[in-house]
>>> print(open('run15.cif').read())   # mmCIF, C-alpha atoms
data_structure
loop_
_atom_site.label_atom_id
_atom_site.label_comp_id
_atom_site.auth_asym_id
_atom_site.auth_seq_id
_atom_site.Cartn_x
_atom_site.Cartn_y
_atom_site.Cartn_z
CA MET A 1 236.71 -31.57 -165.36
CA THR A 2 238.81 -34.74 -165.31
CA PRO A 3 236.85 -37.62 -163.72
CA VAL A 4 238.19 -38.94 -160.43
CA ALA A 5 239.84 -42.34 -160.80
CA PRO A 6 238.16 -45.14 -158.83
CA ARG A 7 239.75 -46.42 -155.63
CA CYS A 8 239.66 -49.93 -157.07
CA ILE A 9 239.15 -51.74 -160.34
CA ALA A 10 238.70 -55.45 -160.98
CA LEU A 11 240.03 -57.98 -163.46
CA ALA A 12 237.90 -61.12 -163.55
CA GLY A 13 237.63 -64.15 -165.79
CA PRO A 14 237.57 -67.93 -165.83
CA THR A 15 240.50 -69.99 -164.67
CA ALA A 16 243.50 -70.06 -167.05
CA CYS A 17 242.34 -67.03 -169.08
CA GLY A 18 245.47 -64.97 -168.39
CA LYS A 19 244.41 -62.80 -165.45
CA SER A 20 247.68 -63.14 -163.53
CA ALA A 21 249.91 -62.15 -166.43
CA ALA A 22 247.66 -59.19 -167.23
CA SER A 23 247.64 -58.02 -163.61
CA LEU A 24 251.45 -58.03 -163.47
CA ALA A 25 251.57 -56.02 -166.70
CA ILE A 26 249.16 -53.49 -165.18
CA ALA A 27 251.30 -53.27 -162.04
CA GLN A 28 254.33 -52.33 -164.15
CA GLN A 29 252.47 -49.30 -165.51
CA TRP A 30 250.26 -48.01 -162.67
CA PRO A 31 250.67 -47.75 -158.87
CA VAL A 32 248.41 -50.64 -157.94
CA GLU A 33 248.36 -53.33 -155.27
CA ILE A 34 246.77 -56.67 -156.13
CA VAL A 35 243.95 -58.01 -153.97
CA SER A 36 243.31 -61.67 -154.71
CA VAL A 37 239.69 -62.65 -155.34
CA ASP A 38 240.35 -66.39 -155.14
CA SER A 39 238.97 -68.77 -152.52
CA ALA A 40 241.89 -71.20 -152.99
CA LEU A 41 244.80 -68.75 -152.71
CA VAL A 42 243.88 -67.93 -149.10
CA PHE A 43 245.21 -71.33 -147.94
CA ARG A 44 248.81 -71.78 -146.86
CA GLY A 45 250.67 -74.81 -148.22
CA MET A 46 248.48 -75.08 -151.33
CA ASP A 47 250.74 -73.52 -153.94
CA ILE A 48 251.09 -75.75 -156.99
CA GLY A 49 247.47 -76.83 -157.36
CA THR A 50 246.19 -73.27 -157.02
CA ALA A 51 248.69 -71.74 -159.49
CA LYS A 52 249.63 -69.30 -156.74
CA PRO A 53 251.81 -66.35 -157.78
CA SER A 54 255.49 -67.13 -157.30
CA ALA A 55 257.68 -65.40 -154.73
CA ALA A 56 259.33 -63.45 -157.56
CA GLU A 57 255.96 -62.25 -158.88
CA ARG A 58 254.81 -61.27 -155.41
CA ALA A 59 258.05 -59.31 -154.95
CA LEU A 60 257.23 -57.19 -158.02
CA VAL A 61 253.96 -55.83 -156.60
CA PRO A 62 252.21 -56.16 -153.23
CA HIS A 63 249.69 -59.03 -153.18
CA HIS A 64 246.97 -59.37 -150.55
CA LEU A 65 244.64 -62.14 -149.32
CA ILE A 66 247.12 -64.89 -150.22
CA ASP A 67 248.40 -67.41 -147.62
CA ILE A 68 246.25 -65.92 -144.86
CA ILE A 69 244.73 -69.06 -143.27
CA ASP A 70 245.50 -72.72 -142.63
CA PRO A 71 243.71 -75.33 -144.80
CA LEU A 72 241.92 -76.52 -141.65
CA GLN A 73 240.13 -73.16 -141.43
CA SER A 74 237.34 -71.72 -143.55
CA TYR A 75 237.03 -68.34 -145.23
CA SER A 76 233.60 -67.05 -146.17
CA ALA A 77 232.33 -64.52 -148.67
CA ALA A 78 231.55 -62.27 -145.71
CA ASP A 79 235.18 -62.56 -144.57
CA PHE A 80 236.30 -61.57 -148.05
CA VAL A 81 234.02 -58.52 -148.22
CA ARG A 82 235.26 -57.34 -144.84
CA ASP A 83 238.94 -57.84 -145.67
CA ALA A 84 238.82 -56.58 -149.25
CA SER A 85 236.88 -53.44 -148.32
CA ALA A 86 239.40 -52.62 -145.59
CA LEU A 87 242.27 -53.21 -148.01
CA VAL A 88 240.76 -50.89 -150.63
CA ASP A 89 240.70 -48.13 -148.02
CA LYS A 90 244.27 -48.79 -146.84
CA ILE A 91 245.66 -48.96 -150.36
CA ALA A 92 243.87 -45.73 -151.31
CA ALA A 93 245.34 -44.06 -148.21
CA ARG A 94 248.78 -44.95 -149.59
CA GLY A 95 247.94 -43.14 -152.82
CA ARG A 96 247.57 -46.35 -154.79
CA THR A 97 244.73 -48.26 -156.43
CA ALA A 98 243.48 -51.69 -155.42
CA LEU A 99 243.40 -54.09 -158.38
CA LEU A 100 241.03 -56.94 -157.53
CA VAL A 101 242.04 -60.02 -159.52
CA GLY A 102 240.50 -63.47 -159.53
CA GLY A 103 237.79 -65.87 -160.49
CA THR A 104 235.85 -66.64 -157.31
CA MET A 105 232.58 -65.21 -158.51
CA LEU A 106 230.84 -65.61 -155.16
CA TYR A 107 233.36 -63.15 -153.72
CA PHE A 108 232.81 -60.68 -156.56
CA LYS A 109 229.05 -61.02 -156.17
CA ALA A 110 229.23 -60.48 -152.42
CA LEU A 111 231.37 -57.37 -152.90
CA LEU A 112 229.26 -55.89 -155.71
CA VAL A 113 225.77 -56.87 -154.60
CA GLY A 114 226.02 -57.44 -150.87
CA LEU A 115 225.19 -60.46 -148.76
CA ASP A 116 221.78 -61.79 -147.87
CA GLU A 117 221.04 -62.76 -144.29
CA MET A 118 221.03 -66.54 -144.16
CA PRO A 119 221.10 -69.16 -141.40
CA ALA A 120 224.52 -69.74 -139.90
CA ALA A 121 226.38 -72.94 -140.70
CA ASP A 122 225.34 -75.94 -138.65
CA ALA A 123 228.17 -78.47 -138.31
CA ALA A 124 225.90 -81.36 -137.28
CA VAL A 125 223.54 -80.86 -140.22
CA ARG A 126 226.48 -80.47 -142.59
CA ASP A 127 228.13 -83.66 -141.34
CA ALA A 128 224.88 -85.56 -141.80
CA ILE A 129 224.56 -84.30 -145.39
CA ASP A 130 228.16 -85.32 -146.10
CA ALA A 131 227.51 -88.80 -144.70
CA ARG A 132 224.50 -89.22 -146.95
CA ALA A 133 226.51 -87.99 -149.93
CA ARG A 134 229.18 -90.61 -149.26
CA ALA A 135 226.50 -93.29 -149.18
CA MET A 136 224.30 -92.08 -152.06
CA GLY A 137 226.43 -89.75 -154.16
CA TRP A 138 225.98 -86.02 -154.78
CA PRO A 139 223.70 -86.51 -157.82
CA ALA A 140 221.16 -88.17 -155.51
CA LEU A 141 221.31 -85.21 -153.13
CA HIS A 142 221.02 -82.87 -156.12
CA ALA A 143 217.78 -84.66 -157.03
CA GLU A 144 216.59 -84.16 -153.45
CA LEU A 145 217.44 -80.46 -153.69
CA ALA A 146 215.42 -80.25 -156.92
CA ARG A 147 212.34 -81.34 -154.97
CA VAL A 148 212.66 -78.69 -152.25
CA ASP A 149 214.39 -75.86 -154.13
CA PRO A 150 214.05 -76.34 -157.91
CA ALA A 151 215.36 -72.84 -158.68
CA THR A 152 218.70 -73.51 -156.96
CA ALA A 153 219.00 -77.06 -158.28
CA ALA A 154 218.50 -75.82 -161.84
CA ARG A 155 221.64 -73.67 -161.70
CA LEU A 156 223.88 -76.23 -159.96
CA PRO A 157 225.56 -79.20 -161.65
CA PRO A 158 224.81 -82.57 -160.00
CA ASN A 159 228.32 -82.89 -158.54
CA ASP A 160 228.71 -79.35 -157.14
CA ALA A 161 229.15 -80.74 -153.65
CA GLN A 162 229.85 -77.51 -151.78
CA ARG A 163 226.83 -75.60 -153.08
CA ILE A 164 224.43 -78.55 -152.92
CA GLN A 165 225.50 -79.12 -149.33
CA ARG A 166 224.95 -75.48 -148.38
CA ALA A 167 221.55 -75.32 -150.10
CA LEU A 168 220.33 -78.46 -148.32
CA GLU A 169 221.77 -77.21 -145.04
CA VAL A 170 219.89 -73.90 -145.32
CA TYR A 171 216.66 -75.73 -146.15
CA GLN A 172 217.00 -78.16 -143.25
CA VAL A 173 217.91 -75.45 -140.74
CA SER A 174 215.34 -72.85 -141.81
CA GLY A 175 212.65 -74.75 -143.67
CA GLN A 176 213.08 -72.26 -146.53
CA PRO A 177 214.95 -72.69 -149.85
CA ILE A 178 218.20 -70.80 -150.17
CA SER A 179 216.83 -69.12 -153.30
CA GLY A 180 214.30 -67.36 -151.05
CA PHE A 181 217.13 -65.58 -149.25
CA GLN A 182 218.75 -64.34 -152.47
CA ARG A 183 216.76 -61.26 -153.35
CA GLY A 184 218.16 -60.46 -156.77
CA ARG A 185 219.85 -57.10 -156.09
CA THR A 186 222.10 -55.85 -158.87
CA HIS A 187 224.45 -53.56 -156.93
CA ASN A 188 225.17 -52.45 -153.41
CA PRO A 189 225.72 -48.65 -153.50
CA GLN A 190 228.09 -48.99 -150.53
CA SER A 191 230.40 -51.31 -152.46
CA PRO A 192 233.93 -50.02 -153.11
CA LEU A 193 233.70 -51.59 -156.59
CA ALA A 194 231.39 -50.19 -159.28
CA PRO A 195 230.03 -52.68 -161.85
CA GLN A 196 231.43 -50.61 -164.72
CA ASP A 197 234.94 -50.94 -163.27
CA LEU A 198 234.88 -54.72 -163.72
CA ILE A 199 237.03 -55.78 -166.68
CA SER A 200 236.34 -59.35 -167.77
CA LEU A 201 238.61 -61.63 -169.79
CA GLU A 202 236.39 -64.07 -171.70
CA PRO A 203 237.29 -66.37 -174.61
CA VAL A 204 235.41 -66.31 -177.88
CA GLU A 205 236.42 -69.90 -178.60
CA ARG A 206 235.92 -72.26 -175.67
CA SER A 207 238.48 -74.66 -177.19
CA TRP A 208 241.20 -72.03 -176.60
CA LEU A 209 240.43 -72.01 -172.87
CA HIS A 210 240.20 -75.80 -172.73
CA ALA A 211 243.69 -76.12 -174.21
CA ARG A 212 245.07 -73.71 -171.60
CA ILE A 213 243.33 -75.62 -168.80
CA GLU A 214 244.92 -78.85 -170.01
CA GLN A 215 248.36 -77.23 -170.20
CA ARG A 216 247.98 -75.79 -166.70
CA PHE A 217 247.01 -79.15 -165.23
CA ASP A 218 249.93 -80.84 -166.97
CA ASP A 219 252.27 -78.16 -165.59
CA MET A 220 250.90 -78.75 -162.08
CA LEU A 221 251.56 -82.48 -162.34
CA ALA A 222 255.06 -81.87 -163.71
CA HIS A 223 255.93 -79.47 -160.88
CA GLY A 224 255.03 -81.75 -157.98
CA PHE A 225 251.30 -81.42 -157.41
CA LEU A 226 250.98 -85.01 -156.22
CA ASP A 227 253.77 -84.47 -153.67
CA GLU A 228 251.92 -81.38 -152.44
CA VAL A 229 248.75 -83.41 -151.92
CA ARG A 230 250.73 -86.11 -150.12
CA ARG A 231 252.15 -83.49 -147.73
CA LEU A 232 248.64 -82.26 -146.99
CA ARG A 233 247.39 -85.81 -146.40
CA ALA A 234 250.29 -86.47 -144.05
CA ARG A 235 248.86 -83.91 -141.63
CA SER A 236 245.98 -86.30 -140.77
CA ASP A 237 243.66 -83.44 -139.74
CA LEU A 238 242.50 -82.60 -143.29
CA SER A 239 239.79 -84.25 -145.38
CA THR A 240 237.52 -83.56 -148.33
CA ALA A 241 234.87 -82.36 -145.87
CA LEU A 242 236.86 -79.11 -145.66
CA PRO A 243 236.50 -76.27 -148.20
CA SER A 244 240.27 -76.29 -148.80
CA MET A 245 240.35 -79.91 -149.92
CA ARG A 246 237.32 -79.41 -152.14
CA CYS A 247 239.32 -77.13 -154.42
CA VAL A 248 239.53 -78.35 -158.00
CA GLY A 249 242.37 -80.80 -158.44
CA TYR A 250 242.91 -81.41 -154.74
CA ARG A 251 239.59 -83.17 -154.29
CA GLN A 252 240.15 -85.45 -157.30
CA ALA A 253 243.71 -86.33 -156.21
CA TRP A 254 242.64 -86.90 -152.60
CA GLU A 255 239.79 -89.23 -153.55
CA LEU A 256 241.98 -91.27 -155.91
CA MET A 257 244.59 -91.64 -153.18
CA ASP A 258 241.86 -92.78 -150.79
CA VAL A 259 241.07 -95.59 -153.23
CA HIS A 260 244.50 -96.49 -154.63
CA GLY A 261 247.00 -95.30 -152.02
CA GLN A 262 249.55 -92.52 -152.03
CA SER A 263 251.58 -93.74 -155.02
CA LEU A 264 249.41 -93.53 -158.12
CA THR A 265 250.36 -95.62 -161.14
CA ALA A 266 250.73 -94.03 -164.56
CA ALA A 267 247.21 -95.16 -165.45
CA GLN A 268 245.82 -93.70 -162.22
CA GLN A 269 247.65 -90.42 -162.85
CA ALA A 270 246.09 -90.35 -166.31
CA GLU A 271 242.69 -90.82 -164.65
CA LEU A 272 243.47 -87.94 -162.29
CA ARG A 273 244.39 -85.78 -165.27
CA ASP A 274 241.07 -86.49 -166.95
CA LEU A 275 239.08 -85.89 -163.77
CA GLY A 276 240.96 -82.70 -162.91
CA ILE A 277 240.65 -81.22 -166.38
CA TYR A 278 236.93 -82.03 -166.53
CA ALA A 279 236.32 -80.45 -163.10
CA THR A 280 238.30 -77.35 -164.12
CA ARG A 281 236.30 -77.01 -167.33
CA GLN A 282 233.08 -77.18 -165.30
CA LEU A 283 234.42 -74.49 -162.98
CA ALA A 284 235.25 -72.25 -165.95
CA LYS A 285 231.75 -72.78 -167.36
CA ARG A 286 230.20 -71.63 -164.07
CA GLN A 287 232.52 -68.62 -163.92
CA LEU A 288 231.53 -67.53 -167.43
CA THR A 289 227.83 -67.98 -166.67
CA TRP A 290 228.16 -65.64 -163.70
CA LEU A 291 230.10 -63.05 -165.68
CA ARG A 292 227.40 -62.93 -168.34
CA SER A 293 224.94 -61.89 -165.64
CA MET A 294 226.96 -58.65 -165.21
CA PRO A 295 225.95 -56.51 -168.20
CA GLN A 296 227.97 -53.47 -167.11
CA ARG A 297 231.31 -55.30 -167.21
CA GLU A 298 233.77 -54.49 -169.98
CA VAL A 299 234.45 -57.70 -171.91
CA ILE A 300 237.81 -58.32 -173.56
CA ALA A 301 238.31 -61.41 -175.72
CA CYS A 302 241.29 -63.04 -174.08
CA ASP A 303 241.89 -65.35 -177.05
CA ALA A 304 242.05 -62.52 -179.60
CA PRO A 305 245.30 -60.95 -180.87
CA GLY A 306 246.17 -57.83 -178.91
CA ALA A 307 244.12 -58.84 -175.84
CA LEU A 308 246.71 -57.46 -173.41
CA ALA A 309 246.82 -54.11 -175.23
CA ARG A 310 243.05 -53.87 -174.88
CA VAL A 311 243.29 -54.64 -171.17
CA MET A 312 245.83 -51.87 -170.78
CA ALA A 313 243.60 -49.45 -172.69
CA ALA A 314 240.66 -50.37 -170.45
CA VAL A 315 242.74 -49.66 -167.36
CA ARG A 316 243.98 -46.37 -168.85
CA ARG A 317 240.41 -45.18 -169.32
CA ARG A 318 239.82 -45.69 -165.62
CA LEU A 319 243.14 -44.75 -164.02
CA GLY A 320 244.50 -42.25 -166.52
CA PRO A 321 247.98 -42.18 -168.10
CA THR A 322 250.59 -44.55 -166.80
CA ALA A 323 252.74 -43.47 -163.89
#
>>> encode(input="run15.cif", output="structure tokens")
Amino acid sequence: MTPVAPRCIALAGPTACGKSAASLAIAQQWPVEIVSVDSALVFRGMDIGTAKPSAAERALVPHHLIDIIDPLQSYSAADFVRDASALVDKIAARGRTALLVGGTMLYFKALLVGLDEMPAADAAVRDAIDARARAMGWPALHAELARVDPATAARLPPNDAQRIQRALEVYQVSGQPISGFQRGRTHNPQSPLAPQDLISLEPVERSWLHARIEQRFDDMLAHGFLDEVRRLRARSDLSTALPSMRCVGYRQAWELMDVHGQSLTAAQQAELRDLGIYATRQLAKRQLTWLRSMPQREVIACDAPGALARVMAAVRRRLGPTA
């Protein structure tokens, strides 16, 4: 008996590893619709700095969960699980397969494993933490987190503002470390995505990925990234306290403009380049660490010759011959 093809498959990997190009190649061969698994692509008006698919690329194949909220709003992992699960069902009803593509590992984890019940966000507590971070710096708050929740602090870099903030917020609201709410499940049987249907693009040589990250950041700068940040700043209702403006690249540009003004000199742009590339490398490192915790994933070396052919073969094993 021929096995039934899954209703969805996933293509994950660190930033700049080639996921987007591979997903478009898949879409040319199989009847898929792409569901973005990216916490930055949900925001409207943030196109260049997020390497959002172009209008031409989005015309080739349906894309979902892109440009769905304003940068003033927030979008949680729970929101993603709700929306992505509904999309998998709708796409399957159309006789197509959902192809989940992205690098926001919290979203993948929430979809695969499920969500733990945690205290709701508390704006007053969060604002107080942000104020202390501005005065003391995030490394100081990371040291504070290490005293109350050493397990969480050990896996977070000292400048991971968003996660340090959330961990301290949970502790202050509940009196319990956030690690106590994370129960270590490996898979939610109700998930539309099976762990073995996760295809992961991972480099053998980290230097290959670093070179691509540098090229991507240079391309962003060349195509008007600073003008995009200036347009966002002109709104006056956005700040780095919001998840949207904490995205890699945007945060670094915003903070430099806070110090130096809207028009950065060549030296200041060079500083932004260094800061942005470093932050992106750190993001990629965290993404790869998470992927290695998923032993059932199928790993494809994205820096090896013939990587795309191996991706296509992996999809063929799951979806069958091309349409």
>>> resolve_selection(input="run15.cif", expression="the PyMOL selection byres ((chain A and resi 101) around 8)", output="PyMOL selection string")
chain A and resi 10-12+19-20+23+34-38+99-100+102-103
>>> resolve_selection(input="run15.cif", expression="the PyMOL selection byres ((chain A and resi 174) around 12)", output="list in words")
Glu117, Met118, Pro119, Ala120, Ala121, Asp122, Val125, Arg166, Ala167, Leu168, Glu169, Val170, Tyr171, Gln172, Val173, Gly175, Gln176, Pro177, Ile178, Gly180 and Phe181 of chain A
>>> resolve_selection(input="run15.cif", expression="the PyMOL selection byres ((chain A and resi 313) around 12)", output="short mmCIF file (atom, residue, chain, number, x, y, z; two decimals) with C-alpha atoms, in the frame of the given file")
data_model
loop_
_atom_site.label_atom_id
_atom_site.label_comp_id
_atom_site.auth_asym_id
_atom_site.auth_seq_id
_atom_site.Cartn_x
_atom_site.Cartn_y
_atom_site.Cartn_z
CA ALA A 22 247.66 -59.19 -167.23
CA ALA A 25 251.57 -56.02 -166.70
CA ILE A 26 249.16 -53.49 -165.18
CA GLN A 29 252.47 -49.30 -165.51
CA ILE A 199 237.03 -55.78 -166.68
CA GLU A 298 233.77 -54.49 -169.98
CA ILE A 300 237.81 -58.32 -173.56
CA GLY A 306 246.17 -57.83 -178.91
CA ALA A 307 244.12 -58.84 -175.84
CA LEU A 308 246.71 -57.46 -173.41
CA ALA A 309 246.82 -54.11 -175.23
CA ARG A 310 243.05 -53.87 -174.88
CA VAL A 311 243.29 -54.64 -171.17
CA MET A 312 245.83 -51.87 -170.78
CA ALA A 314 240.66 -50.37 -170.45
CA VAL A 315 242.74 -49.66 -167.36
CA ARG A 316 243.98 -46.37 -168.85
CA ARG A 317 240.41 -45.18 -169.32
CA ARG A 318 239.82 -45.69 -165.62
CA LEU A 319 243.14 -44.75 -164.02
CA GLY A 320 244.50 -42.25 -166.52
CA PRO A 321 247.98 -42.18 -168.10
CA THR A 322 250.59 -44.55 -166.80
#
>>> residues_around(input="run15.cif", residues="Gly224 (chain A)", least_positions_apart="4", cutoff="8 Å", atoms="all atoms listed in the file", output="NGL selection string")
:A and (48 or 220 or 228)
>>> write_last_selection(input="run15.cif", atoms="C-alpha atoms", output="compact mmCIF listing (two decimals), keeping the file's coordinate frame")
# COMPACT_ATOMS: atom_id res chain seq x y z
CA ILE A 48 251.09 -75.75 -156.99
CA MET A 220 250.90 -78.75 -162.08
CA GLU A 228 251.92 -81.38 -152.44
>>> atom_distance(input="run15.cif", atom1="CA of Thr15 (chain A)", atom2="CA of Ile68 (chain A)")
21.0 Å
>>> atom_distance(input="run15.cif", atom1="CA of Gln196 (chain A)", atom2="CA of Val113 (chain A)")
13.2 Å
>>> residues_around(input="run15.cif", residues="Ser39 (chain A)", least_positions_apart="4", cutoff="10 Å", atoms="all atoms listed in the file", output="PyMOL selection string")
chain A and resi 43+50+65-66+74-77+80+102-107+243-244+247
>>> write_last_selection(input="run15.cif", atoms="C-alpha atoms", output="PDB file, in the coordinates of the input")
ATOM      1  CA  PHE A  43     245.210 -71.330-147.940  1.00  0.00           C
ATOM      2  CA  THR A  50     246.190 -73.270-157.020  1.00  0.00           C
ATOM      3  CA  LEU A  65     244.640 -62.140-149.320  1.00  0.00           C
ATOM      4  CA  ILE A  66     247.120 -64.890-150.220  1.00  0.00           C
ATOM      5  CA  SER A  74     237.340 -71.720-143.550  1.00  0.00           C
ATOM      6  CA  TYR A  75     237.030 -68.340-145.230  1.00  0.00           C
ATOM      7  CA  SER A  76     233.600 -67.050-146.170  1.00  0.00           C
ATOM      8  CA  ALA A  77     232.330 -64.520-148.670  1.00  0.00           C
ATOM      9  CA  PHE A  80     236.300 -61.570-148.050  1.00  0.00           C
ATOM     10  CA  GLY A 102     240.500 -63.470-159.530  1.00  0.00           C
ATOM     11  CA  GLY A 103     237.790 -65.870-160.490  1.00  0.00           C
ATOM     12  CA  THR A 104     235.850 -66.640-157.310  1.00  0.00           C
ATOM     13  CA  MET A 105     232.580 -65.210-158.510  1.00  0.00           C
ATOM     14  CA  LEU A 106     230.840 -65.610-155.160  1.00  0.00           C
ATOM     15  CA  TYR A 107     233.360 -63.150-153.720  1.00  0.00           C
ATOM     16  CA  PRO A 243     236.500 -76.270-148.200  1.00  0.00           C
ATOM     17  CA  SER A 244     240.270 -76.290-148.800  1.00  0.00           C
ATOM     18  CA  CYS A 247     239.320 -77.130-154.420  1.00  0.00           C
TER      19      CYS A 247
END
>>> residues_around(input="run15.cif", residues="Ile213 (chain A)", least_positions_apart="5", cutoff="9 Å", atoms="all atoms listed in the file", output="list in words")
Thr15, Ala16, Cys17, Trp208, Asp218, Ile277, Thr280 and Arg281 of chain A
>>> closest_residue(input="run15.cif", among="A:Ser207, A:Gln28, A:Gln162, A:Gln262", to="Pro62 (chain A)", atoms="all atoms listed in the file")
A:Gln28
>>> atom_distance(input="run15.cif", atom1="CA of Ile164 (chain A)", atom2="CA of Met257 (chain A)")
24.0 Å
>>> closest_residue(input="run15.cif", among="A:Leu209, A:Leu256, A:Ala98, A:Ala266", to="Ala304 (chain A)", atoms="all atoms listed in the file")
A:Leu209
